[in-house]
$ cat run.txt   # compact mmCIF, C-alpha atoms
# COMPACT_ATOMS: atom_id res chain seq x y z
CA MET A 11 5.53 127.92 -37.66
CA SER A 12 3.15 126.09 -39.99
CA PRO A 13 -0.33 125.20 -38.67
CA ARG A 14 -0.96 121.56 -37.71
CA ALA A 15 -3.06 119.60 -40.14
CA ALA A 16 -6.52 118.73 -38.88
CA PRO A 17 -6.76 115.11 -37.73
CA ALA A 18 -8.54 112.67 -40.02
CA PRO A 19 -12.17 112.26 -38.99
CA LEU A 20 -13.96 109.06 -38.00
CA LEU A 21 -17.09 107.75 -39.72
CA ILE A 22 -19.04 105.18 -37.69
CA ALA A 23 -21.61 103.44 -39.89
CA CYS A 24 -24.65 101.51 -38.65
CA ALA A 25 -27.85 100.43 -40.35
CA LEU A 26 -30.68 100.79 -37.86
CA GLY A 27 -32.16 103.65 -35.88
CA ILE A 28 -31.93 101.59 -32.70
CA GLU A 29 -28.20 101.06 -33.32
CA ARG A 30 -27.66 104.79 -33.83
CA LEU A 31 -29.65 105.49 -30.67
CA ALA A 32 -27.34 103.20 -28.70
CA LEU A 33 -24.23 104.87 -30.10
CA CYS A 34 -25.39 108.48 -29.82
CA GLY A 35 -26.66 108.16 -26.28
CA ARG A 36 -23.16 108.74 -24.89
CA GLY A 37 -20.69 111.62 -25.11
CA ARG A 38 -18.04 111.91 -27.77
CA GLY A 39 -15.26 113.64 -25.89
CA GLY A 40 -11.59 112.83 -26.38
CA THR A 41 -11.85 111.72 -29.99
CA GLY A 42 -8.90 113.72 -31.26
CA GLY A 43 -10.98 114.58 -34.29
CA PRO A 44 -14.55 114.90 -35.58
CA VAL A 45 -16.84 111.89 -35.37
CA THR A 46 -19.88 111.21 -37.55
CA VAL A 47 -22.37 108.44 -36.79
CA LEU A 48 -24.09 107.55 -40.06
CA ARG A 49 -27.29 105.54 -40.29
CA THR A 50 -27.04 103.83 -43.67
CA GLY A 51 -30.30 101.92 -43.80
CA MET A 52 -30.61 98.14 -44.03
CA GLY A 53 -28.88 95.95 -46.58
CA PRO A 54 -25.65 96.07 -48.58
CA ALA A 55 -27.03 98.31 -51.33
CA ALA A 56 -28.15 100.94 -48.83
CA ALA A 57 -24.82 100.75 -47.00
CA GLU A 58 -22.87 101.15 -50.23
CA ARG A 59 -24.90 104.17 -51.32
CA SER A 60 -24.75 105.94 -47.97
CA VAL A 61 -21.07 105.38 -47.29
CA THR A 62 -20.00 106.26 -50.83
CA ARG A 63 -22.03 109.48 -50.66
CA ALA A 64 -20.65 110.43 -47.24
CA LEU A 65 -17.02 109.86 -48.24
CA ALA A 66 -17.44 111.85 -51.45
CA GLY A 67 -17.87 115.05 -49.45
CA PRO A 68 -14.88 117.15 -48.35
CA ALA A 69 -15.58 116.75 -44.63
CA LEU A 70 -15.14 112.96 -44.64
CA GLY A 71 -12.98 112.38 -47.69
CA ASP A 72 -10.09 110.92 -45.68
CA ALA A 73 -12.11 109.50 -42.77
CA ALA A 74 -11.34 106.25 -41.02
CA VAL A 75 -14.41 104.02 -41.21
CA LEU A 76 -15.79 101.64 -38.61
CA ALA A 77 -18.87 99.51 -39.29
CA THR A 78 -20.91 98.50 -36.27
CA GLY A 79 -24.30 97.39 -35.01
CA PHE A 80 -25.89 94.00 -34.47
CA CYS A 81 -25.06 90.68 -36.13
CA ALA A 82 -25.98 87.01 -36.13
CA GLY A 83 -23.49 84.65 -34.55
CA LEU A 84 -22.76 81.50 -36.53
CA ALA A 85 -20.81 79.31 -34.12
CA PRO A 86 -22.42 77.09 -31.49
CA GLY A 87 -21.94 78.52 -28.02
CA MET A 88 -22.28 82.17 -29.05
CA HIS A 89 -24.72 84.23 -27.00
CA PRO A 90 -26.60 87.52 -27.39
CA GLY A 91 -24.34 90.29 -26.11
CA ASP A 92 -21.13 88.62 -27.30
CA LEU A 93 -18.89 90.89 -29.37
CA VAL A 94 -17.36 90.21 -32.77
CA VAL A 95 -14.23 92.01 -33.96
CA ALA A 96 -13.69 91.36 -37.64
CA GLY A 97 -10.23 90.36 -38.82
CA GLU A 98 -11.67 90.85 -42.28
CA THR A 99 -15.05 91.34 -43.90
CA ARG A 100 -16.19 89.46 -46.99
CA ASP A 101 -19.05 89.30 -49.43
CA PRO A 102 -19.32 88.00 -53.01
CA ARG A 103 -17.57 91.12 -54.34
CA GLY A 104 -14.43 90.72 -52.25
CA SER A 105 -12.80 90.86 -48.84
CA VAL A 106 -11.31 93.74 -46.85
CA PRO A 107 -8.73 93.33 -44.05
CA CYS A 108 -9.36 95.30 -40.89
CA VAL A 109 -6.93 97.51 -38.95
CA GLY A 110 -6.24 97.62 -35.22
CA THR A 111 -8.13 94.47 -34.25
CA GLY A 112 -5.82 93.75 -31.31
CA LEU A 113 -6.53 97.12 -29.72
CA LEU A 114 -10.26 96.70 -30.27
CA VAL A 115 -10.29 93.27 -28.62
CA LYS A 116 -8.31 94.54 -25.63
CA GLU A 117 -10.48 97.61 -25.09
CA LEU A 118 -13.75 95.76 -25.57
CA ALA A 119 -12.74 93.23 -22.93
CA ARG A 120 -12.06 96.17 -20.60
CA VAL A 121 -15.32 98.06 -21.10
CA ALA A 122 -17.55 94.98 -21.35
CA PRO A 123 -16.22 92.58 -18.72
CA GLY A 124 -17.94 89.23 -18.73
CA ARG A 125 -18.75 89.46 -22.44
CA THR A 126 -16.97 87.10 -24.82
CA VAL A 127 -15.09 88.82 -27.65
CA HIS A 128 -14.75 86.73 -30.83
CA THR A 129 -12.32 87.54 -33.64
CA GLY A 130 -12.50 86.25 -37.19
CA LEU A 131 -14.20 86.55 -40.55
CA LEU A 132 -17.39 88.63 -40.67
CA THR A 133 -19.37 87.73 -43.76
CA GLY A 134 -22.05 89.67 -45.58
CA SER A 135 -25.56 88.63 -46.59
CA GLU A 136 -28.39 90.28 -48.49
CA HIS A 137 -31.00 88.96 -46.05
CA VAL A 138 -31.48 87.91 -42.44
CA VAL A 139 -29.84 84.51 -41.96
CA ARG A 140 -31.87 81.73 -40.36
CA GLY A 141 -31.62 78.02 -39.63
CA HIS A 142 -29.44 75.90 -41.92
CA GLU A 143 -27.88 78.99 -43.54
CA ARG A 144 -25.88 79.52 -40.36
CA SER A 145 -24.05 76.20 -40.67
CA GLU A 146 -23.44 76.80 -44.38
CA LEU A 147 -21.80 80.16 -43.66
CA LEU A 148 -19.88 78.73 -40.71
CA ALA A 149 -18.39 76.14 -43.09
CA THR A 150 -16.87 79.00 -45.14
CA GLY A 151 -14.81 80.08 -42.12
CA ALA A 152 -17.06 82.94 -41.01
CA ILE A 153 -17.95 83.39 -37.33
CA ALA A 154 -20.73 85.96 -37.77
CA VAL A 155 -22.88 87.55 -40.45
CA ASP A 156 -24.63 90.86 -41.03
CA MET A 157 -25.96 92.71 -44.04
CA GLU A 158 -23.91 95.92 -44.07
CA SER A 159 -20.34 95.58 -42.74
CA ALA A 160 -18.76 94.03 -45.83
CA ALA A 161 -20.44 96.53 -48.16
CA THR A 162 -19.49 99.41 -45.86
CA LEU A 163 -15.79 98.56 -45.72
CA LEU A 164 -15.54 97.68 -49.41
CA SER A 165 -17.13 101.01 -50.32
CA ALA A 166 -14.79 102.79 -47.92
CA VAL A 167 -11.56 101.41 -49.39
CA ARG A 168 -12.79 101.87 -52.93
CA ALA A 169 -13.25 105.56 -52.13
CA GLY A 170 -9.61 105.84 -51.06
CA ALA A 171 -6.96 104.28 -48.83
CA ARG A 172 -7.98 104.55 -45.17
CA PRO A 173 -8.08 102.52 -41.93
CA VAL A 174 -11.22 100.40 -41.60
CA ALA A 175 -12.64 98.10 -38.95
CA ALA A 176 -15.86 96.32 -38.04
CA VAL A 177 -17.24 95.51 -34.59
CA ARG A 178 -20.60 93.85 -34.12
CA VAL A 179 -22.70 92.77 -31.16
CA VAL A 180 -24.35 89.35 -31.42
CA VAL A 181 -28.11 89.78 -31.22
CA ASP A 182 -28.98 86.18 -32.04
CA ALA A 183 -27.09 82.91 -32.35
CA PRO A 184 -27.77 79.27 -33.30
CA GLU A 185 -29.32 78.46 -29.92
CA HIS A 186 -30.85 81.93 -29.44
CA GLU A 187 -32.67 82.97 -32.62
CA LEU A 188 -34.24 86.42 -32.34
CA VAL A 189 -37.62 87.24 -33.85
CA ARG A 190 -37.65 91.01 -33.31
CA ILE A 191 -34.88 93.26 -32.04
CA GLY A 192 -35.76 94.76 -28.67
CA THR A 193 -38.72 92.48 -27.93
CA VAL A 194 -36.80 89.69 -26.21
CA ARG A 195 -34.02 89.48 -23.69
CA GLY A 196 -31.33 88.88 -26.33
CA GLY A 197 -32.14 92.09 -28.18
CA ILE A 198 -32.13 94.14 -25.00
CA SER A 199 -28.80 92.62 -23.95
CA ALA A 200 -27.23 93.42 -27.32
CA PHE A 201 -28.52 97.01 -27.17
CA ARG A 202 -26.96 97.55 -23.76
CA VAL A 203 -23.60 96.21 -24.92
CA LEU A 204 -23.61 98.38 -28.04
CA ARG A 205 -24.43 101.40 -25.88
CA SER A 206 -21.28 100.77 -23.82
CA VAL A 207 -18.67 100.42 -26.56
CA LEU A 208 -18.49 103.86 -28.21
CA PRO A 209 -15.43 104.82 -26.08
CA VAL A 210 -13.60 101.84 -27.61
CA TYR A 211 -14.25 103.15 -31.10
CA LEU A 212 -12.94 106.56 -30.08
CA GLU A 213 -9.81 104.97 -28.61
CA TRP A 214 -9.27 103.04 -31.85
CA HIS A 215 -9.56 106.30 -33.76
CA ARG A 216 -7.21 108.09 -31.36
CA SER A 217 -4.59 105.35 -31.83
CA LEU A 218 -4.63 105.99 -35.58
CA LEU A 219 -3.70 109.62 -34.96
CA LEU A 220 -0.64 108.83 -32.85
CA PRO A 221 2.72 109.37 -34.59
CA ARG A 222 4.39 106.19 -35.80
CA ARG A 223 7.61 105.24 -34.00

$ encode --input "run.txt" --output "structure tokens"
Amino acid sequence: MSPRAAPAPLLIACALGIERLALCGRGRGGTGGPVTVLRTGMGPAAAERSVTRALAGPALGDAAVLATGFCAGLAPGMHPGDLVVAGETRDPRGSVPCVGTGLLVKELARVAPGRTVHTGLLTGSEHVVRGHERSELLATGAIAVDMESAATLLSAVRAGARPVAAVRVVVDAPEHELVRIGTVRGGISAFRVLRSVLPVYLEWHRSLLLPRR
């Protein structure tokens, strides 16, 4: 009887130390495979370097990749603590479709009751978006923006075919601009939501390992 192949690992990429703290503060049981939480550093260039380097190694060569952390909401009516599940990510270099968005939306609604889950285009930026830039990006069809998700997923698929996804927690929005993460109510709310959603990422990963019918 031949040995079973090891399940593909999961790489969860975030930019900030506070995001990694939120994610690593909970257990990782029941993943069905190894999980790595990678802090990439801020900005698309840092994300590209870190993810490309991680996926070049033998341990993560075939890993599924999920980008996460905080984001800026673009649509009026969004609030800190809302969740964004990307249908695709986009930046000037291209767009990447995401996998398993339906499952992510369903599980996020279960673990974060009372939080609104938005689904749509997550766009990339090289800087923190403020003021009029929000409406300009909203006009392109995007519902949220961050600096790393698009670069993370583009780097992931360029390194080889694999499932990818992006889930972000809104830390500021048009009516709730944030000055510093963690110093106002919105930042604390977003941190608490991010801390609660790791089991959803593990369930997404587990679903990828199930045999196809």

$ residues_near_point --input "run.txt" --point "(-16.9, 84.7, -42.9)" --cutoff "10 Å" --atoms "all atoms listed in the file" --output "list of chain:residue names"
A:Leu84, A:Ala96, A:Gly97, A:Glu98, A:Thr99, A:Arg100, A:Asp101, A:Ser105, A:Gly130, A:Leu131, A:Leu132, A:Thr133, A:Gly134, A:Leu147, A:Leu148, A:Ala149, A:Thr150, A:Gly151, A:Ala152, A:Ile153, A:Ala154, A:Val155, A:Ala160

$ closest_residue --input "run.txt" --among "A:Cys24, A:Ala57, A:Ala82, A:Cys34" --to "Thr162 (chain A)" --atoms "only C-alpha atoms"
A:Ala57

$ residues_near_point --input "run.txt" --point "(-27.8, 92.3, -28.3)" --cutoff "8 Å" --atoms "all atoms listed in the file" --output "PyMOL selection string"
chain A and resi 80+90-92+179-182+196-204

$ atom_distance --input "run.txt" --atom1 "CA of Val95 (chain A)" --atom2 "CA of Gly79 (chain A)"
11.5 Å

$ atom_distance --input "run.txt" --atom1 "CA of Ser60 (chain A)" --atom2 "CA of Leu113 (chain A)"
27.3 Å

$ atom_distance --input "run.txt" --atom1 "CA of Arg103 (chain A)" --atom2 "CA of Gly67 (chain A)"
24.4 Å

$ residues_around --input "run.txt" --residues "Val210 (chain A)" --least-positions-apart "6" --cutoff "9 Å" --atoms "only C-alpha atoms" --output "PyMOL selection string"
chain A and resi 113-114+117-118+121

$ closest_residue --input "run.txt" --among "A:Val207, A:Leu218, A:Leu33, A:Cys81" --to "Lys116 (chain A)" --atoms "all atoms listed in the file"
A:Val207

$ residues_around --input "run.txt" --residues "Leu31 (chain A)" --least-positions-apart "4" --cutoff "10 Å" --atoms "all atoms listed in the file" --output "ChimeraX atom specification"
/A:26-27,35-36,47,49,201,204-205

$ closest_residue --input "run.txt" --among "A:Cys108, A:Met52, A:Leu76, A:Leu93" --to "Pro123 (chain A)" --atoms "all atoms listed in the file"
A:Leu93

$ closest_residue --input "run.txt" --among "A:Ser145, A:Thr50, A:Leu20, A:Gly87" --to "Glu213 (chain A)" --atoms "all atoms listed in the file"
A:Leu20

$ closest_residue --input "run.txt" --among "A:Leu48, A:Ala175, A:Arg125, A:Ala23" --to "Gly112 (chain A)" --atoms "only C-alpha atoms"
A:Ala175

$ closest_residue --input "run.txt" --among "A:Ala171, A:Val94, A:Ala18, A:Met88" --to "Ser159 (chain A)" --atoms "all atoms listed in the file"
A:Val94

$ residues_around --input "run.txt" --residues "Leu164 (chain A)" --least-positions-apart "3" --cutoff "8 Å" --atoms "all atoms listed in the file" --output "list in words"
Gly104, Ser105, Val106, Ala160, Ala161, Val167 and Arg168 of chain A
